[in-house]
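Data first, discussion second: the structure below is written as structure tokens.
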Amino acid sequence: MQGAYLKHYRGSTMTQIEYNLPDYEYHDKAIFPHISSSDAKTVLSKSLLHWAGQERKESNAFDMGKGAHAMILEPEKDLVVRGPADRRGSKWKDAKAKAEKEGKVILTEKDYDTCMAMATNAFMHCDFLKETVYSDAFVAEASIFTTCSKTGVDIKVRPDGLIMPKKKTDEPYIIDIKTTQDASPEAFHREIRRYNYDVQIAFYLHTMWEAGLPCKTMYLIAVEKNAPYVTTVHELSELHLAHAHKRMLATLEKIGNAMRTGEFTTDWPDVNQVFLPAWMEDEVDAF
């Protein structure tokens with residue numbers, strides 16, 4: 001399945017599936033202006049104005065995330081370069097230019113070793129991850145473009161990993177790698193809420209369904225950034241997913257309306273009145 005390029009029509013909607021599309025092309029709005037789950041999460045957590053005016057920025061943490069993903073999901077492609085000890089001077093600049101020309105991620109020596117340790121331990125301690133990535137039905141970084149039939153918004157997803165079984169009796173599913181400081185059930189539950197990972201899951205499953213590739217489940221695989229690099233698998237309950245799906249569709253509808261009217265606002269009041277937290281109100285009587 002790797003390397004294939006498909007276009008097909010589903011009703012009046014064209015779905016495009018690219019299995020070998022470079023990451024930078026997927027994110028290029030001039031090529032694919034479709035709405036992504038990151039766009040939806042920005043609108044949900046901030047505002048339409050923040051989303052419309054945002055700029056895609058890279059950072060050390062961003063590069064490490066890309067590096068860890070590549071080492072875990074596509075180790076055979078050798079997409080990560082172990083660069084100089086630090087990012088200073090022409091030595092780093094030249095190495096970075098060479099890596100970018102080859103379509104690779106460059107990391108400092110320390111960051112590279114950390115990502116390698118994360119990938120090694122993730123496979124060592126998470127049988128589910130190992131069985132998924134080494135499955136014959138596994139596809140990494142497929143790019144899927146389609147249209148939401150409920151809102152009319154063009155949407156896209158790029159699942160970290162996708163299992164598309166050859167047997168119709170087997171269920172397809174998605175995996176998404178999340179690097180974190182704490183992969184424990186309690187702590188990662190807070191991260192799901194903080195970063196709207198639940199809405200991301202709903203967005204991915206909805207997009208897959210619209211593209212004619214229905215998946216009922218998406219697993220978040222949380223990999224800790226520090227030794228011993230504990231790895232855990234998280235799945236939303238049916239009720240949690242239903243709640244996230246409702247919020248996701250409302251956000252897509254909001255984006256669609258803004259795109260049609262050209263009005264991108266924060267919806268904030270002109271003057272915001274800041275109230276005393278309810279739990280502090282009793283303290284007023286003490287003065």
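Naming scheme: A, B, ... for chains in displayed order of the structure tokens; residues 1 onward per chain; ligands 1 onward as shown.
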Near Val81 of chain A, within 9 Å and counting only C-alpha atoms, which residues show up once chain neighbours fewer than 2 positions away are dropped, as a VMD selection string?
chain A and resid 67 78 to 79 83 95 99 104 to 108 112
Quick one: pull the distance between atom CA of Glu18 of chain A and atom CA of Phe145 of chain A, Å, one decimal.
8.5 Å
What are the DSSP alpha helix (DSSP H) residues of segment 21-210 of chain A, as a PyMOL selection string?
chain A and resi 23-27+37-45+48-52+60-73+89-101+109-125+127-133+185-194+197-210
Hey, what's within 7 Å of segment 221-238 of chain A if we count only C-alpha atoms and toss same-chain stuff fewer than 5 positions away? As a list in words, please?
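The contact residues come out as Met118, Asn121, Ala122, His125, Cys126, Ile175, Asp176, Ile177, Lys178, Thr179, Thr180, Gln181, Asp182 and Ala183 of chain A.
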I need the residues from that last selection saved to file as a CSV table (one decimal), in the first residue's frame (with N, CA and C atoms), if you can.
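File written: part_9.csv
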```csv
chain,number,residue,atom,x,y,z
A,118,MET,N,13.8,6.7,23.6
A,118,MET,CA,12.3,6.6,23.7
A,118,MET,C,11.7,5.6,22.8
A,121,ASN,N,12.7,1.9,24.0
A,121,ASN,CA,12.0,1.5,25.2
A,121,ASN,C,10.5,1.4,24.9
A,122,ALA,N,10.0,2.2,24.0
A,122,ALA,CA,8.5,2.1,23.7
A,122,ALA,C,8.2,0.7,23.1
A,125,HIS,N,8.6,-2.1,25.9
A,125,HIS,CA,7.6,-2.2,27.0
A,125,HIS,C,6.1,-2.1,26.5
A,126,CYS,N,5.9,-1.9,25.2
A,126,CYS,CA,4.5,-1.8,24.8
A,126,CYS,C,4.3,-2.8,23.6
A,175,ILE,N,-3.4,4.8,15.3
A,175,ILE,CA,-2.6,5.1,16.5
A,175,ILE,C,-2.0,6.5,16.3
A,176,ASP,N,-1.8,7.2,17.4
A,176,ASP,CA,-1.2,8.5,17.4
A,176,ASP,C,-0.2,8.5,18.6
A,177,ILE,N,1.1,8.9,18.3
A,177,ILE,CA,2.1,8.9,19.3
A,177,ILE,C,2.1,10.3,19.9
A,178,LYS,N,2.1,10.3,21.3
A,178,LYS,CA,2.2,11.5,22.0
A,178,LYS,C,3.4,11.4,23.0
A,179,THR,N,4.3,12.3,22.9
A,179,THR,CA,5.4,12.4,23.9
A,179,THR,C,5.0,13.2,25.0
A,180,THR,N,5.3,12.8,26.2
A,180,THR,CA,4.8,13.4,27.4
A,180,THR,C,5.7,13.3,28.6
A,181,GLN,N,5.5,14.1,29.6
A,181,GLN,CA,6.3,14.0,30.8
A,181,GLN,C,5.8,12.9,31.7
A,182,ASP,N,4.5,12.6,31.6
A,182,ASP,CA,3.8,11.6,32.5
A,182,ASP,C,2.7,10.9,31.7
A,183,ALA,N,3.0,9.6,31.5
A,183,ALA,CA,2.1,8.8,30.7
A,183,ALA,C,1.0,8.0,31.6
```
Residues at most 10 Å from Pro172 of chain A, counting only C-alpha atoms, excluding those fewer than 4 positions away in the same chain, as JSON, numbers by chain?
{"A": [137, 138, 162, 163, 164, 165, 166, 167, 168, 213, 214, 215, 216, 217, 218]}
Correct to one decimal, the distance atom CA of Phe203 of chain A-atom CA of Glu76 of chain A is 29.2 Å
Would you please work out which residue, of A:Cys148, A:Ser38, A:Met64, A:Ile155, is nearest to Asp113 of chain A when using only C-alpha atoms?
A:Met64
Please extract the residues of segment 7-92 of chain A with a backbone DSSP assignment of strand (DSSP E or B) and present them as a count of residues only.
14
From atom CA of Thr261 of chain A to atom CA of Tyr197 of chain A the spacing works out at 28.4 Å
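Between Tyr204 of chain A and the residues A:Leu129, A:Cys115, A:Leu239, A:Leu249, the shortest atom-to-atom distance, using only C-alpha atoms, involves A:Leu249.
The shortest atom-to-atom distance to Lys29 of chain A, with only C-alpha atoms taken into account, belongs to A:Glu55 out of A:Glu55, A:Tyr195, A:Glu283, A:Leu49.
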Could you give me, as an NGL selection string, the residues within 9 Å of segment 40-44 of chain A, counting only C-alpha atoms and dropping anything in the same chain fewer than 2 positions from it?
:A and (35-38 or 46-52 or 195-197 or 199-200 or 203 or 247-248 or 251-252 or 254-255)
For Gly103 of chain A: contacts at 12 Å, only C-alpha atoms, fewer than 3 positions along chain excluded, given as a PyMOL selection string
chain A and resi 21-25+70+77-81+96-100+106
Need to verify the contact set: Ala202 of chain A, 8 Å, only C-alpha atoms, exclusion of same-chain residues closer than 6 positions in sequence. Can you return it as a list in words?
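Here the qualifying residues turn out to be Leu241, Ala244, His245 and Met248 of chain A.
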Selected residues written out, all heavy atoms, as a PDB file, in the first residue's frame:
```pdb
ATOM      1  N   LEU A 241     -16.118   9.878  23.666  1.00  0.00           N
ATOM      2  CA  LEU A 241     -15.989  10.103  22.229  1.00  0.00           C
ATOM      3  C   LEU A 241     -17.219  10.815  21.679  1.00  0.00           C
ATOM      4  O   LEU A 241     -17.103  11.714  20.827  1.00  0.00           O
ATOM      5  CB  LEU A 241     -15.774   8.774  21.511  1.00  0.00           C
ATOM      6  CG  LEU A 241     -15.600   8.854  19.993  1.00  0.00           C
ATOM      7  CD1 LEU A 241     -14.433   9.749  19.621  1.00  0.00           C
ATOM      8  CD2 LEU A 241     -15.412   7.452  19.409  1.00  0.00           C
ATOM      9  N   ALA A 244     -16.916  14.438  22.558  1.00  0.00           N
ATOM     10  CA  ALA A 244     -15.885  15.080  21.744  1.00  0.00           C
ATOM     11  C   ALA A 244     -16.367  15.281  20.309  1.00  0.00           C
ATOM     12  O   ALA A 244     -16.076  16.308  19.677  1.00  0.00           O
ATOM     13  CB  ALA A 244     -14.614  14.244  21.762  1.00  0.00           C
ATOM     14  N   HIS A 245     -17.113  14.315  19.797  1.00  0.00           N
ATOM     15  CA  HIS A 245     -17.629  14.403  18.429  1.00  0.00           C
ATOM     16  C   HIS A 245     -18.576  15.595  18.284  1.00  0.00           C
ATOM     17  O   HIS A 245     -18.521  16.332  17.287  1.00  0.00           O
ATOM     18  CB  HIS A 245     -18.362  13.108  18.073  1.00  0.00           C
ATOM     19  CG  HIS A 245     -18.817  13.037  16.645  1.00  0.00           C
ATOM     20  ND1 HIS A 245     -17.981  12.700  15.608  1.00  0.00           N
ATOM     21  CD2 HIS A 245     -20.032  13.286  16.078  1.00  0.00           C
ATOM     22  CE1 HIS A 245     -18.644  12.734  14.466  1.00  0.00           C
ATOM     23  NE2 HIS A 245     -19.892  13.087  14.722  1.00  0.00           N
ATOM     24  N   MET A 248     -16.501  18.728  18.285  1.00  0.00           N
ATOM     25  CA  MET A 248     -15.751  18.812  17.038  1.00  0.00           C
ATOM     26  C   MET A 248     -16.621  19.339  15.907  1.00  0.00           C
ATOM     27  O   MET A 248     -16.223  20.235  15.149  1.00  0.00           O
ATOM     28  CB  MET A 248     -15.177  17.432  16.698  1.00  0.00           C
ATOM     29  CG  MET A 248     -14.388  17.355  15.398  1.00  0.00           C
ATOM     30  SD  MET A 248     -15.419  17.010  13.934  1.00  0.00           S
ATOM     31  CE  MET A 248     -16.107  15.426  14.365  1.00  0.00           C
TER      32      MET A 248
END
```
